[in-house]
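my_file_39.txt, holding compact mmCIF, C-alpha atoms and all ligand atoms:
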# COMPACT_ATOMS: atom_id res chain seq x y z
CA MET A 7 -19.84 -31.23 -24.05
CA GLN A 8 -23.41 -32.31 -24.60
CA GLN A 9 -26.22 -29.98 -23.85
CA THR A 10 -29.85 -30.76 -24.25
CA GLU A 11 -31.24 -27.39 -23.28
CA GLN A 12 -29.63 -24.00 -23.22
CA LYS A 13 -28.58 -23.12 -19.67
CA LYS A 14 -29.19 -19.66 -18.32
CA ALA A 15 -26.94 -17.55 -16.11
CA VAL A 16 -27.43 -14.20 -14.48
CA ALA A 17 -24.36 -11.96 -14.33
CA LEU A 18 -23.90 -9.34 -11.63
CA ILE A 19 -23.11 -6.26 -13.71
CA SER A 20 -21.45 -3.36 -11.90
CA GLY A 21 -20.56 -1.40 -15.02
CA GLY A 22 -16.83 -2.13 -14.69
CA LEU A 23 -14.61 -4.21 -16.92
CA ASP A 24 -14.46 -7.39 -14.82
CA SER A 25 -18.16 -8.16 -14.78
CA MET A 26 -18.28 -7.39 -18.49
CA LEU A 27 -15.49 -9.91 -19.19
CA ALA A 28 -17.03 -12.53 -16.92
CA ALA A 29 -20.37 -12.29 -18.72
CA LYS A 30 -18.75 -12.42 -22.15
CA THR A 31 -16.64 -15.47 -21.17
CA ILE A 32 -19.79 -17.38 -20.30
CA MET A 33 -21.76 -16.13 -23.31
CA GLN A 34 -19.04 -17.55 -25.50
CA GLN A 35 -19.84 -20.99 -24.14
CA GLY A 36 -23.35 -20.85 -25.52
CA ILE A 37 -24.99 -19.95 -22.21
CA HIS A 38 -27.91 -17.50 -22.25
CA VAL A 39 -26.76 -14.62 -20.04
CA GLU A 40 -28.79 -11.75 -18.61
CA GLY A 41 -27.42 -9.05 -16.33
CA ILE A 42 -28.57 -7.85 -12.95
CA ASN A 43 -27.60 -4.58 -11.33
CA PHE A 44 -28.57 -3.71 -7.77
CA PHE A 45 -29.47 -0.13 -6.99
CA THR A 46 -28.45 0.68 -3.42
CA GLY A 47 -28.61 4.47 -3.56
CA PHE A 48 -24.84 4.69 -3.03
CA CYS A 49 -24.02 3.81 -6.63
CA VAL A 50 -21.69 6.15 -8.45
CA GLU A 51 -23.24 5.32 -11.78
CA GLY A 52 -25.55 7.80 -13.37
CA HIS A 53 -25.58 10.38 -10.59
CA THR A 54 -22.77 12.71 -9.65
CA HIS A 55 -21.24 12.52 -13.04
CA ALA A 56 -24.57 13.24 -14.71
CA ILE A 57 -25.31 16.12 -12.31
CA ARG A 58 -22.03 18.00 -12.39
CA ASN A 59 -20.60 20.00 -15.26
CA GLN A 60 -17.03 18.81 -14.72
CA ASP A 61 -15.28 16.23 -16.94
CA PRO A 62 -17.19 17.20 -20.10
CA LYS A 63 -15.11 14.68 -22.07
CA LYS A 64 -16.33 11.73 -20.00
CA PRO A 65 -19.42 10.18 -21.57
CA LYS A 66 -22.50 10.80 -19.43
CA ARG A 67 -23.83 7.30 -19.20
CA ASN A 68 -24.90 4.62 -16.80
CA ASN A 69 -22.08 2.12 -17.25
CA SER A 70 -24.09 -0.94 -16.27
CA LEU A 71 -26.67 -0.17 -18.97
CA TRP A 72 -23.88 0.60 -21.37
CA VAL A 73 -22.09 -2.70 -20.60
CA ALA A 74 -25.32 -4.62 -21.16
CA GLU A 75 -25.74 -2.87 -24.47
CA GLN A 76 -22.16 -3.76 -25.50
CA LEU A 77 -22.80 -7.39 -24.59
CA GLY A 78 -26.21 -7.38 -26.24
CA ILE A 79 -27.90 -8.72 -23.11
CA LYS A 80 -30.94 -7.77 -21.08
CA LEU A 81 -30.20 -5.89 -17.84
CA HIS A 82 -32.46 -6.08 -14.81
CA ILE A 83 -32.00 -3.13 -12.46
CA VAL A 84 -33.24 -4.13 -9.03
CA ASP A 85 -34.00 -1.59 -6.29
CA ILE A 86 -32.61 -2.87 -2.97
CA ILE A 87 -32.49 0.49 -1.17
CA GLU A 88 -34.54 -0.49 1.88
CA GLU A 89 -33.10 -3.95 2.48
CA TYR A 90 -29.57 -2.67 1.90
CA LYS A 91 -29.77 -0.33 4.90
CA ASP A 92 -29.11 -3.20 7.29
CA VAL A 93 -25.99 -4.14 5.29
CA VAL A 94 -24.61 -0.61 5.64
CA LEU A 95 -25.65 -0.08 9.23
CA ASN A 96 -24.83 -3.51 10.70
CA PRO A 97 -22.19 -5.28 8.62
CA LYS A 98 -21.36 -8.61 10.23
CA HIS A 99 -17.92 -8.64 8.60
CA GLY A 100 -17.19 -4.96 9.27
CA TYR A 101 -16.16 -2.11 7.02
CA GLY A 102 -13.34 -1.67 4.54
CA ALA A 103 -11.20 1.47 4.54
CA HIS A 104 -14.22 3.73 4.95
CA LEU A 105 -17.91 2.93 5.39
CA ASN A 106 -17.89 0.27 2.68
CA PRO A 107 -19.20 -3.06 3.96
CA CYS A 108 -17.86 -4.84 0.86
CA LEU A 109 -17.95 -8.42 2.08
CA ASP A 110 -21.46 -8.18 3.52
CA CYS A 111 -22.52 -6.28 0.40
CA LYS A 112 -21.28 -9.05 -1.90
CA ILE A 113 -22.94 -11.73 0.22
CA PHE A 114 -26.18 -9.78 0.16
CA MET A 115 -26.11 -9.16 -3.59
CA VAL A 116 -25.31 -12.77 -4.40
CA SER A 117 -28.10 -13.88 -2.06
CA LYS A 118 -30.51 -11.57 -3.93
CA ALA A 119 -29.25 -13.01 -7.21
CA LYS A 120 -29.84 -16.53 -5.85
CA GLN A 121 -33.42 -15.56 -5.05
CA TRP A 122 -33.75 -14.01 -8.50
CA ILE A 123 -32.58 -17.12 -10.40
CA ALA A 124 -35.00 -19.27 -8.43
CA GLU A 125 -37.88 -16.95 -9.33
CA ASN A 126 -36.88 -16.56 -12.96
CA GLY A 127 -35.88 -20.09 -13.92
CA PHE A 128 -32.15 -19.41 -14.35
CA ASP A 129 -29.47 -21.99 -13.57
CA PHE A 130 -26.49 -20.20 -12.05
CA ILE A 131 -24.88 -16.90 -11.10
CA ILE A 132 -21.68 -15.30 -12.40
CA THR A 133 -19.61 -12.48 -10.98
CA GLY A 134 -16.47 -10.72 -12.16
CA GLU A 135 -14.55 -11.41 -8.95
CA VAL A 136 -10.81 -12.09 -9.16
CA ILE A 137 -8.83 -13.62 -6.30
CA GLY A 138 -6.63 -10.99 -4.67
CA GLN A 139 -8.00 -8.10 -6.69
CA ARG A 140 -9.30 -6.15 -3.69
CA PRO A 141 -7.80 -6.44 -0.21
CA LYS A 142 -11.06 -6.74 1.72
CA SER A 143 -13.67 -8.42 -0.42
CA GLN A 144 -11.80 -10.27 -3.16
CA ARG A 145 -9.37 -12.53 -1.34
CA ARG A 146 -9.01 -16.29 -1.56
CA GLU A 147 -10.55 -16.64 1.92
CA THR A 148 -13.57 -14.49 1.10
CA MET A 149 -14.63 -16.45 -1.99
CA PRO A 150 -16.07 -19.44 -0.06
CA ILE A 151 -17.59 -17.09 2.54
CA ILE A 152 -19.57 -15.29 -0.17
CA SER A 153 -20.67 -18.59 -1.77
CA ARG A 154 -21.69 -20.09 1.56
CA GLU A 155 -23.28 -17.16 3.37
CA SER A 156 -25.24 -16.02 0.31
CA GLY A 157 -26.73 -19.51 0.00
CA ALA A 158 -25.60 -19.67 -3.63
CA ASP A 159 -22.94 -22.29 -2.82
CA ASP A 160 -21.63 -23.93 -5.95
CA LEU A 161 -24.15 -22.20 -8.21
CA LEU A 162 -21.86 -19.18 -8.00
CA LEU A 163 -19.24 -19.24 -10.75
CA ARG A 164 -16.42 -16.70 -11.09
CA PRO A 165 -15.31 -17.13 -14.69
CA LEU A 166 -12.22 -14.92 -14.35
CA CYS A 167 -10.61 -16.99 -11.59
CA ALA A 168 -12.60 -20.25 -11.67
CA GLN A 169 -9.56 -22.38 -12.52
CA ARG A 170 -8.09 -21.53 -9.11
CA LEU A 171 -11.25 -22.33 -7.20
CA PRO A 172 -13.06 -25.61 -6.42
CA LEU A 173 -15.35 -27.00 -9.11
CA THR A 174 -18.80 -25.46 -9.24
CA GLN A 175 -21.98 -27.18 -10.38
CA PRO A 176 -21.96 -25.55 -13.86
CA GLU A 177 -18.46 -26.97 -14.41
CA ARG A 178 -19.20 -30.38 -12.85
CA GLU A 179 -22.35 -30.86 -14.87
CA GLY A 180 -20.62 -29.80 -18.08
CA TRP A 181 -22.80 -26.72 -18.61
CA VAL A 182 -19.55 -24.80 -19.04
CA ASP A 183 -16.06 -25.92 -19.96
CA ARG A 184 -13.66 -25.18 -17.08
CA GLU A 185 -10.73 -25.22 -19.52
CA ALA A 186 -12.19 -22.19 -21.28
CA LEU A 187 -12.51 -20.23 -18.03
CA HIS A 188 -9.64 -18.26 -16.47
CA GLY A 189 -7.26 -18.38 -13.52
CA PHE A 190 -6.63 -14.66 -12.93
CA THR A 191 -5.21 -13.68 -9.59
CA GLY A 192 -3.69 -10.63 -7.93
CA ARG A 193 -4.06 -6.90 -8.31
CA SER A 194 -2.62 -6.58 -11.81
CA ARG A 195 -5.15 -5.50 -14.43
CA LYS A 196 -3.04 -6.82 -17.31
CA PRO A 197 -4.88 -10.16 -17.81
CA GLN A 198 -8.21 -8.33 -17.90
CA MET A 199 -6.90 -5.80 -20.37
CA ALA A 200 -5.55 -8.56 -22.61
CA LEU A 201 -8.88 -10.38 -22.47
CA ALA A 202 -10.74 -7.15 -23.24
CA GLU A 203 -8.55 -6.74 -26.28
CA ALA A 204 -9.17 -10.33 -27.35
CA PHE A 205 -12.93 -9.69 -27.09
CA GLY A 206 -12.56 -6.45 -29.04
CA PHE A 207 -13.66 -4.21 -26.15
CA GLU A 208 -11.88 -0.90 -26.58
CA ASP A 209 -13.94 1.32 -24.31
CA TYR A 210 -14.75 0.34 -20.75
CA ALA A 211 -15.05 1.94 -17.33
CA GLN A 212 -12.33 1.39 -14.75
CA PRO A 213 -13.79 2.20 -11.35
CA ALA A 214 -10.95 3.53 -9.18
CA GLY A 215 -11.70 2.66 -5.56
CA GLY A 216 -14.87 0.63 -5.83
CA CYS A 217 -18.30 0.61 -7.32
CA CYS A 218 -20.00 2.83 -4.77
CA PHE A 219 -19.63 6.02 -2.77
CA LEU A 220 -19.12 4.16 0.51
CA THR A 221 -15.49 3.63 -0.50
CA ASP A 222 -14.99 7.39 -0.78
CA GLU A 223 -13.40 8.99 2.29
CA LYS A 224 -15.12 12.36 1.93
CA TYR A 225 -18.48 10.75 1.34
CA ALA A 226 -18.03 8.50 4.37
CA ASP A 227 -17.12 11.54 6.51
CA LYS A 228 -20.32 13.27 5.40
CA LEU A 229 -22.39 10.20 6.21
CA SER A 230 -20.79 9.90 9.67
CA ASP A 231 -21.47 13.59 10.25
CA LEU A 232 -25.12 13.11 9.30
CA TRP A 233 -25.50 10.28 11.81
CA GLN A 234 -23.76 12.25 14.53
CA ALA A 235 -25.90 15.35 13.93
CA ARG A 236 -29.13 13.35 13.99
CA GLY A 237 -28.09 11.26 16.97
CA GLU A 238 -28.85 7.98 15.21
CA ARG A 239 -27.39 5.77 12.53
CA ALA A 240 -30.16 5.84 9.96
CA TYR A 241 -30.79 7.32 6.53
CA GLU A 242 -33.34 7.80 3.81
CA LEU A 243 -32.65 7.81 0.08
CA ASP A 244 -32.76 11.63 -0.13
CA ASP A 245 -30.11 11.90 2.58
CA ILE A 246 -27.62 9.73 0.78
CA MET A 247 -28.35 11.29 -2.61
CA LEU A 248 -27.72 14.77 -1.20
CA LEU A 249 -24.37 13.66 0.21
CA LYS A 250 -23.23 13.24 -3.40
CA VAL A 251 -23.99 16.83 -4.28
CA GLY A 252 -22.56 20.23 -3.35
CA ARG A 253 -20.22 21.64 -0.75
CA HIS A 254 -21.37 20.60 2.74
CA LEU A 255 -20.63 22.98 5.61
CA ARG A 256 -21.79 22.56 9.14
CA PRO A 257 -21.33 25.83 11.02
CA MET A 258 -23.27 24.54 14.02
CA PRO A 259 -24.27 21.06 15.18
CA HIS A 260 -27.99 21.62 14.52
CA PHE A 261 -27.80 22.62 10.85
CA LYS A 262 -25.68 22.33 7.76
CA ILE A 263 -25.59 24.17 4.44
CA ILE A 264 -25.34 22.40 1.10
CA ILE A 265 -24.03 24.82 -1.53
CA ALA A 266 -24.13 23.94 -5.23
CA ARG A 267 -20.71 23.96 -6.85
CA ASP A 268 -21.87 24.53 -10.40
CA GLU A 269 -24.97 25.05 -12.48
CA GLY A 270 -25.68 21.36 -12.75
CA GLU A 271 -25.73 21.03 -8.96
CA SER A 272 -27.90 24.15 -8.60
CA ARG A 273 -30.42 22.54 -10.95
CA TYR A 274 -30.29 19.31 -8.97
CA LEU A 275 -30.73 21.03 -5.59
CA LYS A 276 -33.70 22.92 -6.97
CA GLY A 277 -35.56 19.64 -6.81
CA TYR A 278 -35.17 19.73 -3.01
CA THR A 279 -36.31 23.30 -2.41
CA ARG A 280 -39.78 22.22 -1.30
CA MET A 281 -38.29 20.10 1.46
CA PHE A 282 -35.64 22.44 2.86
CA PRO A 283 -35.13 26.12 3.69
CA HIS A 284 -33.08 27.50 0.80
CA MET A 285 -31.44 30.64 -0.46
CA SER A 286 -29.99 32.22 -3.57
CA LEU A 287 -28.38 35.55 -4.43
CA VAL A 288 -30.50 38.38 -5.82
CA SER A 289 -27.91 41.10 -6.29
CA HIS A 290 -25.19 38.91 -7.81
CA ALA A 291 -24.79 35.62 -9.62
CA GLY A 292 -24.37 32.81 -7.13
CA PRO A 293 -25.20 29.25 -6.17
CA LEU A 294 -28.40 27.80 -4.81
CA ALA A 295 -28.01 26.50 -1.26
CA ILE A 296 -30.30 24.43 0.94
CA VAL A 297 -30.16 24.16 4.71
CA ASP A 298 -30.62 20.82 6.42
CA GLY A 299 -31.43 20.53 10.13
CA ALA A 300 -33.28 22.88 12.46
CA PRO A 301 -32.02 26.39 11.74
CA ASN A 302 -33.67 29.45 13.32
CA GLU A 303 -33.92 32.86 11.65
CA ASP A 304 -30.49 33.96 12.91
CA ASP A 305 -28.95 30.73 11.65
CA LEU A 306 -30.40 31.33 8.20
CA CYS A 307 -28.92 34.86 8.12
CA PHE A 308 -25.60 33.40 9.18
CA ALA A 309 -25.91 30.77 6.43
CA ALA A 310 -26.70 33.51 3.91
CA ARG A 311 -23.39 35.21 4.72
CA ILE A 312 -21.57 31.96 4.00
CA VAL A 313 -23.43 31.36 0.75
CA ALA A 314 -22.61 34.96 -0.30
CA ARG A 315 -18.94 34.07 0.02
CA TYR A 316 -19.37 31.55 -2.80
CA SER A 317 -21.11 34.09 -5.08
CA GLN A 318 -19.88 36.71 -7.50
CA GLY A 319 -20.55 39.24 -4.74
CA ARG A 320 -17.92 37.74 -2.44
CA ASP A 321 -15.89 40.99 -2.39
CA ALA A 322 -18.86 43.35 -2.17
CA SER A 323 -19.59 45.06 1.14
CA GLU A 324 -23.21 43.86 0.99
CA VAL A 325 -25.28 41.45 -1.08
CA ARG A 326 -29.00 40.74 -1.31
CA VAL A 327 -30.08 37.17 -0.63
CA LYS A 328 -33.51 35.62 -1.12
CA LEU A 329 -34.39 33.31 1.77
CA VAL A 330 -37.25 30.87 1.53
CA ASN A 331 -38.36 29.02 4.65
CA LYS A 332 -41.64 27.13 5.01
CA GLU A 333 -43.02 28.87 1.90
CA GLN A 334 -42.26 32.29 3.44
CA SER A 335 -39.97 34.27 1.18
CA GLN A 336 -37.94 37.33 2.17
CA GLU A 337 -34.97 39.28 0.90
CA ILE A 338 -32.20 40.15 3.31
CA THR A 339 -29.01 42.18 3.01
CA VAL A 340 -25.87 40.55 4.39
CA LYS A 341 -22.13 41.04 4.41
CA PRO A 342 -20.33 38.12 2.74
CA MET A 343 -18.26 36.18 5.18
CA THR A 344 -14.49 36.51 4.95
CA VAL A 345 -12.24 33.58 4.10
CA ALA A 346 -10.88 33.57 7.65
CA GLU A 347 -14.40 33.39 9.06
CA ILE A 348 -15.34 30.61 6.64
CA GLU A 349 -12.27 28.64 7.67
CA GLN A 350 -13.49 28.70 11.22
CA THR A 351 -16.71 26.95 10.18
CA TRP A 352 -16.64 23.20 10.18
CA HIS A 353 -16.32 21.84 6.66
CA VAL A 354 -17.89 18.45 6.54
S1 LIG A 401 -17.69 -0.89 -3.25
FE1 LIG A 401 -19.80 -0.61 -2.50
S2 LIG A 401 -21.10 -1.74 -3.96
FE2 LIG A 401 -18.99 -2.44 -4.28
S3 LIG A 401 -18.81 -4.27 -2.95
FE3 LIG A 401 -18.09 -2.51 -1.74
S4 LIG A 401 -19.87 -1.80 -0.60
FE4 LIG A 401 -20.63 -3.12 -2.29
Conversion result in C-alpha cells:
Amino acid sequence: MQQTEQKKAVALISGGLDSMLAAKTIMQQGIHVEGINFFTGFCVEGHTHAIRNQDPKKPKRNNSLWVAEQLGIKLHIVDIIEEYKDVVLNPKHGYGAHLNPCLDCKIFMVSKAKQWIAENGFDFIITGEVIGQRPKSQRRETMPIISRESGADDLLLRPLCAQRLPLTQPEREGWVDREALHGFTGRSRKPQMALAEAFGFEDYAQPAGGCCFLTDEKYADKLSDLWQARGERAYELDDIMLLKVGRHLRPMPHFKIIIARDEGESRYLKGYTRMFPHMSLVSHAGPLAIVDGAPNEDDLCFAARIVARYSQGRDASEVRVKLVNKEQSQEITVKPMTVAEIEQTWHV
C-alpha cells in the first residue's frame, strides 16, 4: 500500500468499547485519527453518575474523554443540543423501544461528522457500528441508510464489520487495507472482547441499553409526562437535565415535585433553586426538593407534606419545612404524608 500523505479520519467516540476498537483498528494502519463526541443533553456520560453518591466503586469519569486518552487522540466535543431537538421530536424513522430515535440520531451524527471533516480537512469518518448488534439501528439494512441519508456515502467506514459491507472509498483508494479490517456480526460481544484483549485494553465501559437516556424506560416516561403536562412536545436543556435527577412525583397535573435522593442530588438541585420554588426540612434532616409547574400556596403546602415523608421526620407528628417561592421565604409546620397517601399520588 503506497501512501504519499498521511490520511486523516475522524472517529465517532461514544465512550463504549466498539468505537474505541474501531478507532484503534484504523490508527494501526497509520491513519491519523481524532475523535468526535456529540453532546445532545441526553448523554449518560458525566452526569447522573457524577451527581449521585451510588456506585462508589465505579470510576467517576467521562468515558469518551477517557477513551480518547487511552487511544492518545484528540477529542472534539461538539454541542448539538439545539439542532438535535428536531431529531428527538420528529424522527423520520421513528423510535426504538422508548423515545430513542436511534436511526435518525445516527444519520444526524454522521451528517454532522461529514460537515466536520469538510471543514477540518479530514478524509473519512469511522464508527464502531457492527451489523446486527442492535435491533433498531445496527442492522444490515440500516447501514446503507445511514451512509446515504447522512450524505457521507462511501466516506463512512465501519472498521469492525467492513469486510461484510461494500467497499468504501478509503478501502478502494488503498488508504486502508480491507484485509486488516473486521467482519464482526451479530449480538455477541466475544469478537470485541477478543480484539480488546489483543489491543491490551483491560478496562472499558460497556453501555447496557444504549449511549443515551432516551433508551431508558423511566426517563422516557418522565419526558412524555413533561410534554403532556406542558401541552406541547418541546424541551430546553434544563428540562432534560432535571429528568436525570431525583424522584419525580406529580400529585396534580399542573405541578410536579423533584426530590433529591441523596446528598449529591441535593447539591445538584441547589443549582436550580433560583429558577423554581423549593423546600427543605428545618426540624429534621431531609432532602432538597424543587417544584416545577404552576403551584399555588396550597399546592406548596401539599408538596411539603410529601417531601417530609422522605425526611428523617417521616414518623414525627409534625415537621418544620422552609418554603422559598419567588424569593419569599417562610417556615411552615406540616404533617408528613403517610405511605398510603403517597401511593395515591402519581409517581412519574
Ligand atoms: S442510544 Fe441515544 S445517542 Fe445512541 S444512537 Fe440511540 S438515540 Fe442516539
Contacts of chain A with ligand LIG 401 (chain A) up to 6 Å, shortest pair per row, all atoms listed in the file, as JSON lines:
{"residue": "A:Asn106", "atom": "CA", "partner": "A:LIG401", "partner_atom": "S4", "distance": 4.4}
{"residue": "A:Pro107", "atom": "CA", "partner": "A:LIG401", "partner_atom": "S4", "distance": 4.8}
{"residue": "A:Cys108", "atom": "CA", "partner": "A:LIG401", "partner_atom": "FE3", "distance": 3.5}
{"residue": "A:Cys111", "atom": "CA", "partner": "A:LIG401", "partner_atom": "FE4", "distance": 4.6}
{"residue": "A:Lys112", "atom": "CA", "partner": "A:LIG401", "partner_atom": "S3", "distance": 5.5}
{"residue": "A:Gly216", "atom": "CA", "partner": "A:LIG401", "partner_atom": "S1", "distance": 4.1}
{"residue": "A:Cys217", "atom": "CA", "partner": "A:LIG401", "partner_atom": "FE2", "distance": 4.4}
{"residue": "A:Cys218", "atom": "CA", "partner": "A:LIG401", "partner_atom": "FE1", "distance": 4.1}
{"residue": "A:Leu220", "atom": "CA", "partner": "A:LIG401", "partner_atom": "FE1", "distance": 5.7}
{"residue": "A:Thr221", "atom": "CA", "partner": "A:LIG401", "partner_atom": "S1", "distance": 5.7}
- Message: Ranking A:Pro197, A:Val325, A:Lys14, A:Val288 by minimum distance to Asn126 (chain A) and counting all atoms listed in the file, which one comes first?
- Response: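 Residue with the minimum atom-to-atom distance to Asn126 (chain A): A:Lys14.
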- Counting all atoms listed in the file, the residue of A:Ala309, A:Ala322, A:Leu95, A:Ile265 that sits nearest Ala295 (chain A): A:Ile265
- Residues at most 6 Å from Lys341 (chain A), counting all atoms listed in the file, excluding those fewer than 3 positions away in the same chain, as number ranges by chain? A: 311, 323-324
- Compare A:Ala186, A:Val345, A:Met115, A:Ile263 by their minimum atom-to-atom distance to Ala28 (chain A), counting only C-alpha atoms, and give me the closest one.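 Of all the options, A:Ala186 lies closest to Ala28 (chain A).
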- Message: Would you compute the distance between CA of Glu147 (chain A) and CA of Ala17 (chain A)? Give it in Å to one decimal.
- Response: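 Computing the Euclidean distance for CA of Glu147 (chain A) and CA of Ala17 (chain A) yields 21.8 Å.
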- Pick from A:Ile338, A:Leu166, A:Leu171, A:Val84 nearest to Leu201 (chain A), counting all atoms listed in the file: A:Leu166
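For the choices A:Ala240, A:Leu23, A:Leu105, A:Leu173, the atom-to-atom distance to Phe219 (chain A) is smallest for A:Leu105 when using only C-alpha atoms.
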- Selected residue, from A:Ala15, A:Val50, A:Ser286, A:Gln169, that lies nearest to Lys66 (chain A) when counting all atoms listed in the file: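 Looking at the shortest contact to Lys66 (chain A), the residue is A:Val50.
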- Note on the structure: Students should find that CA of Glu177 (chain A) and CA of Leu161 (chain A) are spaced 9.7 Å
- Message: Would you pick out the contacts of Lys196 (chain A) at 12 Å or less, using only C-alpha atoms, so that residues sharing its chain but fewer than 6 positions from it are not included, and give the list as a ChimeraX atom specification?
- Response: /A:23-24,139,190,202-203
Could you turn the residues from that selection into a file that holds C-alpha atoms, as a PDB file, in the frame of the given file?
ATOM      1  CA  LEU A  23     -14.610  -4.210 -16.920  1.00  0.00           C
ATOM      2  CA  ASP A  24     -14.460  -7.390 -14.820  1.00  0.00           C
ATOM      3  CA  GLN A 139      -8.000  -8.100  -6.690  1.00  0.00           C
ATOM      4  CA  PHE A 190      -6.630 -14.660 -12.930  1.00  0.00           C
ATOM      5  CA  ALA A 202     -10.740  -7.150 -23.240  1.00  0.00           C
ATOM      6  CA  GLU A 203      -8.550  -6.740 -26.280  1.00  0.00           C
TER       7      GLU A 203
END
- Task: Tell me, in Å to one decimal, how far CA of Asp85 (chain A) is from CA of Asn68 (chain A).
- Result: 15.2 Å
With 3 Å on each side, where is the centre of the axis-aligned box around all listed atoms of region 219-226 of chain A, and how long are its edges in Å to one decimal, as lines of an AutoDock Vina configuration file?
center_x = -16.5
center_y = 8.0
center_z = 0.8
size_x = 12.2
size_y = 14.7
size_z = 13.1
- Message: Set the distance at 12 Å and use all atoms listed in the file: which residues neighbour Thr31 (chain A) once local chain neighbours fewer than 5 positions away are removed? I'd like the list as number ranges by chain.
- Response: A: 15, 17, 24-26, 36-39, 77, 132-134, 163-168, 182-188, 198, 201-202, 204-205
- Skip Gly41 (chain A) itself and residues of its chain fewer than 4 positions away, then list as a list in words all residues within 8 Å of it, counting only C-alpha atoms.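 Those residues are Val16, Ala17, Leu18, Ile19, Ala74, Ile79, Lys80, Leu81 and His82 of chain A.
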Starting from the incomplete input, reconstruct N, CA, C and O atoms of region 87-102 of chain A and report them as a PDB file, in the coordinates of the input.
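Saved the output as out_12.pdb:
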ATOM      1  N   ILE A  87     -32.799  -0.609  -2.102  1.00  0.00           N
ATOM      2  CA  ILE A  87     -32.490   0.490  -1.170  1.00  0.00           C
ATOM      3  C   ILE A  87     -32.862   0.167   0.279  1.00  0.00           C
ATOM      4  O   ILE A  87     -32.033   0.309   1.174  1.00  0.00           O
ATOM      5  N   GLU A  88     -34.092  -0.263   0.496  1.00  0.00           N
ATOM      6  CA  GLU A  88     -34.540  -0.490   1.880  1.00  0.00           C
ATOM      7  C   GLU A  88     -33.792  -1.625   2.547  1.00  0.00           C
ATOM      8  O   GLU A  88     -33.260  -1.478   3.639  1.00  0.00           O
ATOM      9  N   GLU A  89     -33.751  -2.774   1.875  1.00  0.00           N
ATOM     10  CA  GLU A  89     -33.100  -3.950   2.480  1.00  0.00           C
ATOM     11  C   GLU A  89     -31.599  -3.726   2.703  1.00  0.00           C
ATOM     12  O   GLU A  89     -30.995  -4.307   3.597  1.00  0.00           O
ATOM     13  N   TYR A  90     -31.019  -2.881   1.843  1.00  0.00           N
ATOM     14  CA  TYR A  90     -29.570  -2.670   1.900  1.00  0.00           C
ATOM     15  C   TYR A  90     -29.150  -1.875   3.134  1.00  0.00           C
ATOM     16  O   TYR A  90     -28.000  -1.934   3.553  1.00  0.00           O
ATOM     17  N   LYS A  91     -30.108  -1.160   3.732  1.00  0.00           N
ATOM     18  CA  LYS A  91     -29.770  -0.330   4.900  1.00  0.00           C
ATOM     19  C   LYS A  91     -29.113  -1.166   5.996  1.00  0.00           C
ATOM     20  O   LYS A  91     -28.147  -0.750   6.615  1.00  0.00           O
ATOM     21  N   ASP A  92     -29.653  -2.358   6.227  1.00  0.00           N
ATOM     22  CA  ASP A  92     -29.110  -3.200   7.290  1.00  0.00           C
ATOM     23  C   ASP A  92     -27.668  -3.611   6.972  1.00  0.00           C
ATOM     24  O   ASP A  92     -26.853  -3.782   7.878  1.00  0.00           O
ATOM     25  N   VAL A  93     -27.362  -3.763   5.684  1.00  0.00           N
ATOM     26  CA  VAL A  93     -25.990  -4.140   5.290  1.00  0.00           C
ATOM     27  C   VAL A  93     -25.041  -2.989   5.652  1.00  0.00           C
ATOM     28  O   VAL A  93     -23.953  -3.199   6.191  1.00  0.00           O
ATOM     29  N   VAL A  94     -25.470  -1.769   5.371  1.00  0.00           N
ATOM     30  CA  VAL A  94     -24.610  -0.610   5.640  1.00  0.00           C
ATOM     31  C   VAL A  94     -24.507  -0.324   7.141  1.00  0.00           C
ATOM     32  O   VAL A  94     -23.436   0.009   7.641  1.00  0.00           O
ATOM     33  N   LEU A  95     -25.626  -0.477   7.822  1.00  0.00           N
ATOM     34  CA  LEU A  95     -25.650  -0.080   9.230  1.00  0.00           C
ATOM     35  C   LEU A  95     -25.089  -1.156  10.163  1.00  0.00           C
ATOM     36  O   LEU A  95     -24.508  -0.839  11.192  1.00  0.00           O
ATOM     37  N   ASN A  96     -25.260  -2.416   9.801  1.00  0.00           N
ATOM     38  CA  ASN A  96     -24.830  -3.510  10.700  1.00  0.00           C
ATOM     39  C   ASN A  96     -24.040  -4.591   9.962  1.00  0.00           C
ATOM     40  O   ASN A  96     -24.463  -5.749   9.930  1.00  0.00           O
ATOM     41  N   PRO A  97     -22.914  -4.240   9.365  1.00  0.00           N
ATOM     42  CA  PRO A  97     -22.190  -5.280   8.620  1.00  0.00           C
ATOM     43  C   PRO A  97     -21.515  -6.298   9.539  1.00  0.00           C
ATOM     44  O   PRO A  97     -20.683  -5.919  10.360  1.00  0.00           O
ATOM     45  N   LYS A  98     -21.909  -7.533   9.394  1.00  0.00           N
ATOM     46  CA  LYS A  98     -21.360  -8.610  10.230  1.00  0.00           C
ATOM     47  C   LYS A  98     -19.834  -8.716  10.083  1.00  0.00           C
ATOM     48  O   LYS A  98     -19.125  -9.009  11.026  1.00  0.00           O
ATOM     49  N   HIS A  99     -19.361  -8.498   8.852  1.00  0.00           N
ATOM     50  CA  HIS A  99     -17.920  -8.640   8.600  1.00  0.00           C
ATOM     51  C   HIS A  99     -17.177  -7.312   8.688  1.00  0.00           C
ATOM     52  O   HIS A  99     -15.997  -7.240   8.347  1.00  0.00           O
ATOM     53  N   GLY A 100     -17.861  -6.258   9.075  1.00  0.00           N
ATOM     54  CA  GLY A 100     -17.190  -4.960   9.270  1.00  0.00           C
ATOM     55  C   GLY A 100     -17.024  -4.173   7.988  1.00  0.00           C
ATOM     56  O   GLY A 100     -17.483  -4.570   6.908  1.00  0.00           O
ATOM     57  N   TYR A 101     -16.347  -3.039   8.139  1.00  0.00           N
ATOM     58  CA  TYR A 101     -16.160  -2.110   7.020  1.00  0.00           C
ATOM     59  C   TYR A 101     -14.776  -2.252   6.409  1.00  0.00           C
ATOM     60  O   TYR A 101     -13.847  -2.745   7.047  1.00  0.00           O
ATOM     61  N   GLY A 102     -14.649  -1.768   5.195  1.00  0.00           N
ATOM     62  CA  GLY A 102     -13.340  -1.670   4.540  1.00  0.00           C
ATOM     63  C   GLY A 102     -12.675  -0.383   5.014  1.00  0.00           C
ATOM     64  O   GLY A 102     -12.860   0.041   6.160  1.00  0.00           O
TER      65      GLY A 102
END
